[in-house]
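Taking it in order: structure first as structure tokens, then the write-up.
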Amino acid sequence: MENGQKKLSELFGGHKVFNIPDYQRAYAWDDTRQLPEFLEDIENQTLGRDYFLGTILFQEKGKKGNFEWIDVVDGQQRITTAIIFMKALLTELKDRITEEEYEEAGLYMLEEAYIQYRKTPKLRVISSDNDFFSNYVLNGGDGKDYITTPSQRRLYKARMFFENELAGRPVGELLELMNKLDEYTKVLTYSVNDTAEATLIFETTNDRGKGLTNLEKIKSFLMYKVYLASGEDVDAYLDSIQVRFADIYRDLESLDGKTDEDKILQYHCIAFESWSDKEDYQQPVSFVKKKVNSLLRKGEGDKGKAGQEASRFIMRFSQELRESFQLMSGVLKSRNAGLLNLMHLDRMGSFYPLLLKTYKFDKSENKENFDKVCRLLEIFVFRVFVIHQSRSLTGQSRLYRMARDFSGKFAPLFDRLAELTDTSCSMRMFKDDLAYEAFYEVMGSRDISYLMWNYENHLRATENPVCAPMPLAELKGKDSKTRLTVEHIAAQTQKESGTIVKEPQVLPRIGEKFIENHLHRLGNLTFDPASANSSKGNKQVKEKNSKYFSKAPYKTQNELESFLDKERWTAKSIKWREEKIVNFCMKRWCTDYIDEPLMP
């Protein structure tokens, strides 16, 4: 294939099969931004004037049967989208005009050029998605029940997006869109014969701030530098890096957006590279470039040796980076109770490097040491961030150093994590924070519910009748009727001056002092499903206890009667209950607690 600017009709003409190699990322465009922009650009294109779709980099793979096979090294998102759009256009036109009109317009020829020549599809996407793409995107089957990967979902949504957008448009408008795409849309193509040349062109044309992710920049740079440094072994090295990034992209797909690829790259550098200051891991691409270029410069007197050292670093880095993506997949799919509790608290940013490192080094059958790390981190989060309300970066630099320096010795790590918790929020500070008179006003409802969930399970496990624990899934429920909300036991009423309590029959001497010192204390809080909470409203405490709490499914409510002060819910009641809950918390979130079982 000749290099240069081409119409899409010229690009797809002839017996060519375009193939997306497995080392490329899967289809990533979605119907919220890229697909509407693609369609809008085609619609806004003036008929008769050229529209530039972008640069496409190909690697020619030779003939297979009657077809030239061409790998798409760069530009696969645009190529794939153009074909899906053309398929949607042709499908809509076939439904709207006669077969004779369809043939006279040359549309069967376009099907052969863009979609399928006889029985051979003109585009093959990555192997894990290709069968789905062929059957449910190109051939129009109903594939929504057969989607197994996020990229398959995006491919199918792309088809449905274009079909829905084109449905019902006038035939003349459809033919105009087809003409704009086929005859007036152009691409700039580079076609090369081997991976080494493709690597050189990709690096020099793409690493110039055109929106590549850091992961893509790392892949490009590593392939480019190993191409320059590795001599006779270049093909084997390039093949290895391609295979590793194919694995990385598949692991990334399996995570389905749960975390960002560039964050995993950063976590890897924090945990597994020898950095000296935060700029190294904050800018991982620059860090790796400096490292490789430094190795090459050191050997200016012996370029062969320098190339070997640089190549060894590149191969080691790419191998361990692949492992980190596999580790992240393992961590996020883990059903480890300590990890699930930690993740529920939703303050994970500083912990992933240490989690990756300890997950990798823990060779025990059930990852017991990793579980202890998760429990210690959960204690740190709850005491330091949730209760003490420390700023989000507290302890981050120490946690990152722990991850970098960890070499598999867990006992010293446990001690360091416990010490970090105790210096950031001592048990004395923790107790004072729990006993704060405005506890409800400074805590989030989600965090209070988590505390109450732990307390509920403590009661279920220790007080007769003992019963099954409340699963975390019930706490995390999103249904508006069953979602757990925080409720004041001494009910709130809303007035212009703020939230106050007026229950003269139950608390005849209630006043501003009670409101200020007791209303929002931990002892006056419980949790309840949203539907039950709204039905209780601002009912009197005595009525709540007799009609609701004593028969409630939660032990946190069943026990309230034991705290009544002469059948009234008084400041003493709140104090007694608070003392019991605080005592529980002092044990539950003490670092000595990690050897006791957690609720699932």
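Every chain in the structure tokens has a letter given in the order shown (A, B, ...), and although residue numbers restart at 1 in each chain, ligands are simply numbered from 1 in the order shown.
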Contact residues around A:Leu138 with only C-alpha atoms at 8 Å, ignoring same-chain residues under 2 positions, as number ranges by chain: A: 84, 87, 115, 133-136, 140
Spatial neighbours of stretch 158-167 of chain A, 7 Å, only C-alpha atoms, chain gap at least 2 places, as number ranges by chain: A: 30-31, 84-85, 88, 92, 137, 154-156, 169
Quick one: write out the picked residues with N, CA and C atoms as a CSV table (one decimal), in the first residue's frame?
```csv
chain,number,residue,atom,x,y,z
A,30,ASP,N,-17.5,5.6,22.7
A,30,ASP,CA,-18.8,5.5,23.3
A,30,ASP,C,-19.8,6.5,22.7
A,31,ASP,N,-21.1,6.3,23.1
A,31,ASP,CA,-22.1,7.1,22.5
A,31,ASP,C,-22.4,8.4,23.2
A,84,ILE,N,-18.7,0.6,11.0
A,84,ILE,CA,-20.0,0.4,11.7
A,84,ILE,C,-21.0,1.4,11.2
A,85,PHE,N,-20.5,2.7,10.9
A,85,PHE,CA,-21.4,3.7,10.4
A,85,PHE,C,-21.8,3.3,9.0
A,88,ALA,N,-24.5,0.7,9.1
A,88,ALA,CA,-25.8,1.2,9.5
A,88,ALA,C,-26.4,2.0,8.3
A,92,GLU,N,-30.0,0.8,6.5
A,92,GLU,CA,-31.2,1.7,6.5
A,92,GLU,C,-31.6,1.9,5.0
A,137,VAL,N,-22.6,-7.2,14.9
A,137,VAL,CA,-22.4,-5.8,14.4
A,137,VAL,C,-22.5,-5.8,12.9
A,154,ARG,N,-19.6,-1.8,23.8
A,154,ARG,CA,-19.4,-0.6,23.1
A,154,ARG,C,-19.6,-0.7,21.6
A,155,LEU,N,-19.1,-1.9,21.1
A,155,LEU,CA,-19.3,-2.1,19.6
A,155,LEU,C,-20.8,-2.2,19.3
A,156,TYR,N,-21.6,-2.9,20.2
A,156,TYR,CA,-23.0,-3.1,19.9
A,156,TYR,C,-23.7,-1.8,20.1
A,169,ARG,N,-34.5,9.0,8.3
A,169,ARG,CA,-34.1,10.1,7.6
A,169,ARG,C,-34.4,9.9,6.1
```
Those of stretch 101-334 of chain A in DSSP strand (DSSP E or B), formatted as a list of chain:residue names: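 Secondary structure check on stretch 101-334 of chain A, strand (DSSP E or B): A:Gln116, A:Tyr117, A:Thr120, A:Pro121, A:Leu123, A:Arg124, A:Thr185, A:Lys186, A:Val187, A:Leu188, A:Thr189, A:Tyr190, A:Ser191, A:Val192.
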Distance criterion (only C-alpha atoms): nearest to A:Glu176 out of A:Lys513, A:Leu560, A:Asn44, A:Gly75: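 Smallest separation from A:Glu176 among the options: A:Asn44.
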Would you write out, as a tab-separated table, a table of all residues in stretch 124-201 of chain A that have an atom no more than 9 Å from an atom of stretch 95-113 of chain A, listing for each the closest atom pair and the distance in Å to one decimal, considering only C-alpha atoms and ordering rows by chain and rising residue number?
```
residue	atom	partner	partner_atom	distance
A:Gly168	CA	A:Arg96	CA	8.9
A:Val171	CA	A:Arg96	CA	7.2
A:Leu175	CA	A:Ala105	CA	8.9
A:Asp182	CA	A:Leu110	CA	8.7
```
Distance of atom CA of A:Glu378 from atom CA of A:Trp453, expressed in Å to one decimal place: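 Between atom CA of A:Trp453 and atom CA of A:Glu378 the gap works out to 14.6 Å.
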Residues near A:Phe58, cut-off 7 Å, only C-alpha atoms, skip fewer than 6 positions along chain, as a VMD selection string: chain A and resid 70 to 73 190 to 192
Atom CA of A:Tyr436 to atom CA of A:Thr556, straight-line distance in Å: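 Computed distance, atom CA of A:Thr556 to atom CA of A:Tyr436, equals 20.2 Å.
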Spatial neighbours of A:Phe527, 12 Å, only C-alpha atoms, chain gap at least 5 places, as an mmCIF file with C-alpha atoms, in the first residue's frame:
```cif
data_model
loop_
_atom_site.group_PDB
_atom_site.id
_atom_site.type_symbol
_atom_site.label_atom_id
_atom_site.label_comp_id
_atom_site.auth_asym_id
_atom_site.auth_seq_id
_atom_site.Cartn_x
_atom_site.Cartn_y
_atom_site.Cartn_z
ATOM 1 C CA SER A 445 -24.698 9.451 56.657
ATOM 2 C CA ARG A 446 -22.881 6.702 54.735
ATOM 3 C CA ASP A 447 -20.099 6.590 57.332
ATOM 4 C CA ILE A 448 -22.491 6.569 60.299
ATOM 5 C CA SER A 449 -24.412 3.713 58.642
ATOM 6 C CA TYR A 450 -21.136 1.800 58.319
ATOM 7 C CA LEU A 451 -20.440 2.258 62.024
ATOM 8 C CA MET A 452 -23.967 1.121 62.877
ATOM 9 C CA TRP A 453 -23.647 -1.884 60.549
ATOM 10 C CA ASN A 454 -20.543 -2.993 62.424
ATOM 11 C CA TYR A 455 -22.298 -2.438 65.735
ATOM 12 C CA GLU A 456 -25.354 -4.352 64.516
ATOM 13 C CA LEU A 475 -25.722 -1.961 53.770
ATOM 14 C CA THR A 482 -34.581 -0.584 51.493
ATOM 15 C CA ARG A 483 -31.572 1.773 51.572
ATOM 16 C CA LEU A 484 -30.415 2.287 55.139
ATOM 17 C CA THR A 485 -30.565 5.853 56.414
ATOM 18 C CA VAL A 486 -29.491 7.426 59.693
ATOM 19 C CA GLU A 487 -32.297 8.281 62.090
ATOM 20 C CA HIS A 488 -32.328 10.273 65.309
ATOM 21 C CA ILE A 489 -33.958 8.322 68.138
ATOM 22 C CA LEU A 522 -23.743 9.037 68.653
ATOM 23 C CA ALA A 532 -39.488 2.692 57.576
ATOM 24 C CA ASN A 533 -37.790 5.921 58.590
ATOM 25 C CA PHE A 549 -38.196 -1.018 67.536
ATOM 26 C CA ALA A 552 -37.661 -4.485 64.318
ATOM 27 C CA PRO A 553 -35.265 -6.772 62.406
ATOM 28 C CA TYR A 554 -32.253 -4.838 63.747
ATOM 29 C CA LYS A 555 -30.735 -5.443 67.137
ATOM 30 C CA THR A 556 -29.565 -1.826 67.252
ATOM 31 C CA GLN A 557 -33.271 -0.994 67.581
ATOM 32 C CA ASN A 558 -34.347 -3.987 69.674
#
```
Contact residues around stretch 227-236 of chain A with only C-alpha atoms at 7 Å, ignoring same-chain residues under 4 positions, as a list in words: Ala196, Met223, Ser240, Gly307, Gln308, Ala310 and Ser311 of chain A
Residues as selected, all heavy atoms, written as a PDB file, in the first residue's frame, can you do that?
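This is the output file result.pdb:
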```
ATOM      1  N   ALA A 196       9.333  -3.134  13.547  1.00  0.00           N
ATOM      2  CA  ALA A 196      10.344  -2.147  13.916  1.00  0.00           C
ATOM      3  C   ALA A 196      10.066  -0.807  13.257  1.00  0.00           C
ATOM      4  O   ALA A 196      10.112   0.252  13.893  1.00  0.00           O
ATOM      5  CB  ALA A 196      11.726  -2.653  13.529  1.00  0.00           C
ATOM      6  N   MET A 223       8.743   0.387  22.997  1.00  0.00           N
ATOM      7  CA  MET A 223       8.972  -0.286  21.720  1.00  0.00           C
ATOM      8  C   MET A 223       9.985   0.471  20.877  1.00  0.00           C
ATOM      9  O   MET A 223      10.853  -0.125  20.220  1.00  0.00           O
ATOM     10  CB  MET A 223       7.650  -0.452  20.976  1.00  0.00           C
ATOM     11  CG  MET A 223       6.684  -1.415  21.668  1.00  0.00           C
ATOM     12  SD  MET A 223       5.120  -1.645  20.779  1.00  0.00           S
ATOM     13  CE  MET A 223       5.683  -2.567  19.342  1.00  0.00           C
ATOM     14  N   SER A 240       7.631  -9.602  22.294  1.00  0.00           N
ATOM     15  CA  SER A 240       7.349  -9.787  23.722  1.00  0.00           C
ATOM     16  C   SER A 240       6.571  -8.609  24.288  1.00  0.00           C
ATOM     17  O   SER A 240       5.608  -8.786  25.047  1.00  0.00           O
ATOM     18  CB  SER A 240       8.656  -9.974  24.506  1.00  0.00           C
ATOM     19  OG  SER A 240       9.279 -11.190  24.166  1.00  0.00           O
ATOM     20  N   GLY A 307      23.113  -0.628  25.219  1.00  0.00           N
ATOM     21  CA  GLY A 307      21.873  -1.114  24.626  1.00  0.00           C
ATOM     22  C   GLY A 307      21.337  -2.331  25.349  1.00  0.00           C
ATOM     23  O   GLY A 307      20.121  -2.466  25.561  1.00  0.00           O
ATOM     24  N   GLN A 308      22.238  -3.221  25.781  1.00  0.00           N
ATOM     25  CA  GLN A 308      21.813  -4.413  26.512  1.00  0.00           C
ATOM     26  C   GLN A 308      21.188  -4.041  27.856  1.00  0.00           C
ATOM     27  O   GLN A 308      20.161  -4.598  28.254  1.00  0.00           O
ATOM     28  CB  GLN A 308      23.005  -5.342  26.726  1.00  0.00           C
ATOM     29  CG  GLN A 308      23.504  -6.003  25.445  1.00  0.00           C
ATOM     30  CD  GLN A 308      24.772  -6.804  25.674  1.00  0.00           C
ATOM     31  OE1 GLN A 308      25.265  -6.898  26.800  1.00  0.00           O
ATOM     32  NE2 GLN A 308      25.305  -7.369  24.601  1.00  0.00           N
ATOM     33  N   ALA A 310      19.826  -1.140  28.711  1.00  0.00           N
ATOM     34  CA  ALA A 310      18.550  -0.460  28.469  1.00  0.00           C
ATOM     35  C   ALA A 310      17.470  -1.473  28.087  1.00  0.00           C
ATOM     36  O   ALA A 310      16.328  -1.392  28.547  1.00  0.00           O
ATOM     37  CB  ALA A 310      18.707   0.595  27.381  1.00  0.00           C
ATOM     38  N   SER A 311      17.844  -2.441  27.251  1.00  0.00           N
ATOM     39  CA  SER A 311      16.878  -3.461  26.830  1.00  0.00           C
ATOM     40  C   SER A 311      16.430  -4.315  28.006  1.00  0.00           C
ATOM     41  O   SER A 311      15.248  -4.668  28.120  1.00  0.00           O
ATOM     42  CB  SER A 311      17.489  -4.349  25.732  1.00  0.00           C
ATOM     43  OG  SER A 311      17.765  -3.600  24.575  1.00  0.00           O
TER      44      SER A 311
END
```
Between atom CA of A:Val582 and atom CA of A:Thr570 - distance in Å to one decimal: 18.3 Å
DSSP helix (DSSP H, G or I) residues within stretch 25-259 of chain A, listed as a PyMOL selection string: chain A and resi 34-44+76-96+99-104+107-115+127-138+150-166+171-184+195-206+214-229+231-255
Surrounding residues of stretch 332-341 of chain A excluding itself and chain neighbours under 5 positions, 9 Å, only C-alpha atoms, as a tab-separated table (two decimals) with C-alpha atoms, in the first residue's frame:
```tsv
chain	number	residue	atom	x	y	z
A	255	LEU	CA	-11.91	-4.22	35.01
A	258	LYS	CA	-13.36	0.30	37.81
A	327	LEU	CA	-2.58	-8.00	40.22
A	367	LYS	CA	-3.91	-14.48	51.41
A	370	PHE	CA	-2.94	-9.48	52.60
A	371	ASP	CA	-6.16	-9.68	54.61
A	372	LYS	CA	-4.39	-8.26	57.68
A	373	VAL	CA	-3.02	-5.40	55.59
A	374	CYS	CA	-6.57	-4.63	54.40
A	375	ARG	CA	-7.88	-4.70	57.97
A	376	LEU	CA	-5.16	-2.39	59.22
A	377	LEU	CA	-5.85	0.02	56.37
A	378	GLU	CA	-9.58	-0.10	57.12
A	472	LEU	CA	-22.37	-5.84	53.53
A	598	LEU	CA	-14.80	-9.87	60.17
A	599	MET	CA	-18.36	-10.01	58.95
A	600	PRO	CA	-18.71	-10.95	55.24
```
Can you list, as a short mmCIF file (atom, residue, chain, number, x, y, z; two decimals) with all heavy atoms, in the first residue's frame, every protein, DNA or RNA residue that comes within 12 Å of A:Gly408 when you count only C-alpha atoms, leaving out same-chain residues fewer than 4 positions away?
```cif
data_model
loop_
_atom_site.label_atom_id
_atom_site.label_comp_id
_atom_site.auth_asym_id
_atom_site.auth_seq_id
_atom_site.Cartn_x
_atom_site.Cartn_y
_atom_site.Cartn_z
N LEU A 354 0.34 -0.23 47.90
CA LEU A 354 0.64 -1.21 48.95
C LEU A 354 -0.19 -2.47 48.78
O LEU A 354 0.28 -3.58 49.03
CB LEU A 354 0.39 -0.59 50.33
CG LEU A 354 0.83 -1.43 51.53
CD1 LEU A 354 2.33 -1.72 51.47
CD2 LEU A 354 0.49 -0.71 52.83
N LYS A 357 1.43 -4.57 46.02
CA LYS A 357 2.70 -5.16 46.45
C LYS A 357 2.44 -6.32 47.42
O LYS A 357 3.03 -7.40 47.29
CB LYS A 357 3.55 -4.08 47.12
CG LYS A 357 5.04 -4.44 47.29
CD LYS A 357 5.81 -4.30 46.00
CE LYS A 357 7.32 -4.37 46.16
NZ LYS A 357 7.92 -3.13 46.66
N THR A 358 1.59 -6.12 48.40
CA THR A 358 1.35 -7.17 49.39
C THR A 358 0.56 -8.33 48.81
O THR A 358 0.77 -9.48 49.19
CB THR A 358 0.63 -6.60 50.63
OG1 THR A 358 -0.55 -5.89 50.23
CG2 THR A 358 1.55 -5.64 51.38
N TYR A 359 -0.35 -8.06 47.89
CA TYR A 359 -1.09 -9.13 47.22
C TYR A 359 -0.12 -10.01 46.44
O TYR A 359 -0.24 -11.25 46.45
CB TYR A 359 -2.13 -8.53 46.28
CG TYR A 359 -3.13 -9.51 45.72
CD1 TYR A 359 -4.28 -9.84 46.44
CD2 TYR A 359 -2.95 -10.10 44.47
CE1 TYR A 359 -5.22 -10.73 45.92
CE2 TYR A 359 -3.87 -10.99 43.95
CZ TYR A 359 -5.00 -11.30 44.68
OH TYR A 359 -5.92 -12.19 44.17
N LYS A 360 0.86 -9.40 45.81
CA LYS A 360 1.85 -10.15 45.04
C LYS A 360 2.74 -10.99 45.94
O LYS A 360 3.06 -12.15 45.63
CB LYS A 360 2.71 -9.20 44.20
CG LYS A 360 3.77 -9.89 43.37
CD LYS A 360 4.52 -8.91 42.50
CE LYS A 360 5.55 -9.63 41.63
NZ LYS A 360 6.23 -8.70 40.69
N PHE A 361 3.17 -10.44 47.07
CA PHE A 361 4.15 -11.11 47.92
C PHE A 361 3.51 -12.11 48.90
O PHE A 361 4.23 -12.91 49.50
CB PHE A 361 4.96 -10.08 48.71
CG PHE A 361 6.11 -9.51 47.93
CD1 PHE A 361 5.91 -8.54 46.97
CD2 PHE A 361 7.41 -9.96 48.16
CE1 PHE A 361 6.97 -8.00 46.25
CE2 PHE A 361 8.48 -9.44 47.44
CZ PHE A 361 8.26 -8.46 46.48
N ASP A 362 2.21 -12.04 49.07
CA ASP A 362 1.57 -12.97 50.00
C ASP A 362 1.35 -14.31 49.30
O ASP A 362 0.48 -14.44 48.44
CB ASP A 362 0.23 -12.40 50.48
CG ASP A 362 -0.38 -13.23 51.60
OD1 ASP A 362 0.22 -14.26 51.96
OD2 ASP A 362 -1.46 -12.86 52.09
N LYS A 363 2.12 -15.29 49.67
CA LYS A 363 2.05 -16.61 49.05
C LYS A 363 1.19 -17.58 49.86
O LYS A 363 1.10 -18.77 49.51
CB LYS A 363 3.46 -17.20 48.88
CG LYS A 363 4.39 -16.31 48.07
CD LYS A 363 3.84 -16.01 46.68
CE LYS A 363 4.80 -15.14 45.88
NZ LYS A 363 4.26 -14.76 44.56
N SER A 364 0.58 -17.12 50.93
CA SER A 364 -0.27 -18.01 51.74
C SER A 364 -1.51 -18.41 50.94
O SER A 364 -1.94 -17.69 50.03
CB SER A 364 -0.68 -17.33 53.04
OG SER A 364 -1.45 -16.16 52.78
N ASN A 369 -2.07 -12.76 55.06
CA ASN A 369 -1.29 -11.54 55.33
C ASN A 369 -1.86 -10.34 54.59
O ASN A 369 -1.92 -9.23 55.14
CB ASN A 369 0.17 -11.76 54.93
CG ASN A 369 0.88 -12.74 55.85
OD1 ASN A 369 0.75 -12.67 57.07
ND2 ASN A 369 1.63 -13.67 55.28
N PHE A 370 -2.28 -10.55 53.35
CA PHE A 370 -2.94 -9.48 52.60
C PHE A 370 -4.21 -9.04 53.32
O PHE A 370 -4.51 -7.83 53.40
CB PHE A 370 -3.26 -9.97 51.19
CG PHE A 370 -4.06 -9.02 50.37
CD1 PHE A 370 -3.48 -7.87 49.84
CD2 PHE A 370 -5.40 -9.25 50.11
CE1 PHE A 370 -4.22 -6.97 49.07
CE2 PHE A 370 -6.15 -8.37 49.34
CZ PHE A 370 -5.55 -7.23 48.83
N MET A 402 6.26 2.79 52.22
CA MET A 402 6.07 1.41 52.67
C MET A 402 5.92 0.47 51.48
O MET A 402 6.47 -0.64 51.46
CB MET A 402 4.81 1.30 53.56
CG MET A 402 4.94 1.91 54.94
SD MET A 402 3.41 1.62 55.87
CE MET A 402 3.50 2.94 57.08
N ALA A 403 5.13 0.90 50.49
CA ALA A 403 4.93 0.06 49.30
C ALA A 403 6.25 -0.13 48.56
O ALA A 403 6.60 -1.25 48.17
CB ALA A 403 3.88 0.69 48.39
N ARG A 404 6.97 0.95 48.34
CA ARG A 404 8.24 0.87 47.60
C ARG A 404 9.24 -0.04 48.31
O ARG A 404 9.93 -0.85 47.67
CB ARG A 404 8.84 2.28 47.45
CG ARG A 404 10.18 2.33 46.72
CD ARG A 404 10.85 3.67 46.96
NE ARG A 404 11.16 3.88 48.38
CZ ARG A 404 11.56 5.04 48.90
NH1 ARG A 404 11.69 6.10 48.11
NH2 ARG A 404 11.83 5.14 50.19
N PRO A 412 6.94 -6.63 60.24
CA PRO A 412 7.32 -5.22 60.40
C PRO A 412 6.33 -4.26 59.72
O PRO A 412 6.12 -3.15 60.22
CB PRO A 412 8.70 -5.15 59.75
CG PRO A 412 9.21 -6.55 59.74
CD PRO A 412 8.00 -7.41 59.58
N LEU A 413 5.75 -4.71 58.61
CA LEU A 413 4.77 -3.86 57.91
C LEU A 413 3.54 -3.67 58.78
O LEU A 413 3.00 -2.55 58.88
CB LEU A 413 4.40 -4.47 56.57
CG LEU A 413 3.32 -3.72 55.78
CD1 LEU A 413 3.81 -2.33 55.38
CD2 LEU A 413 2.91 -4.52 54.53
N PHE A 414 3.07 -4.74 59.42
CA PHE A 414 1.91 -4.60 60.32
C PHE A 414 2.20 -3.57 61.41
O PHE A 414 1.35 -2.73 61.72
CB PHE A 414 1.58 -5.95 60.97
CG PHE A 414 1.18 -7.04 60.00
CD1 PHE A 414 1.40 -8.37 60.33
CD2 PHE A 414 0.59 -6.74 58.79
CE1 PHE A 414 1.03 -9.38 59.47
CE2 PHE A 414 0.22 -7.74 57.90
CZ PHE A 414 0.46 -9.06 58.25
#
```
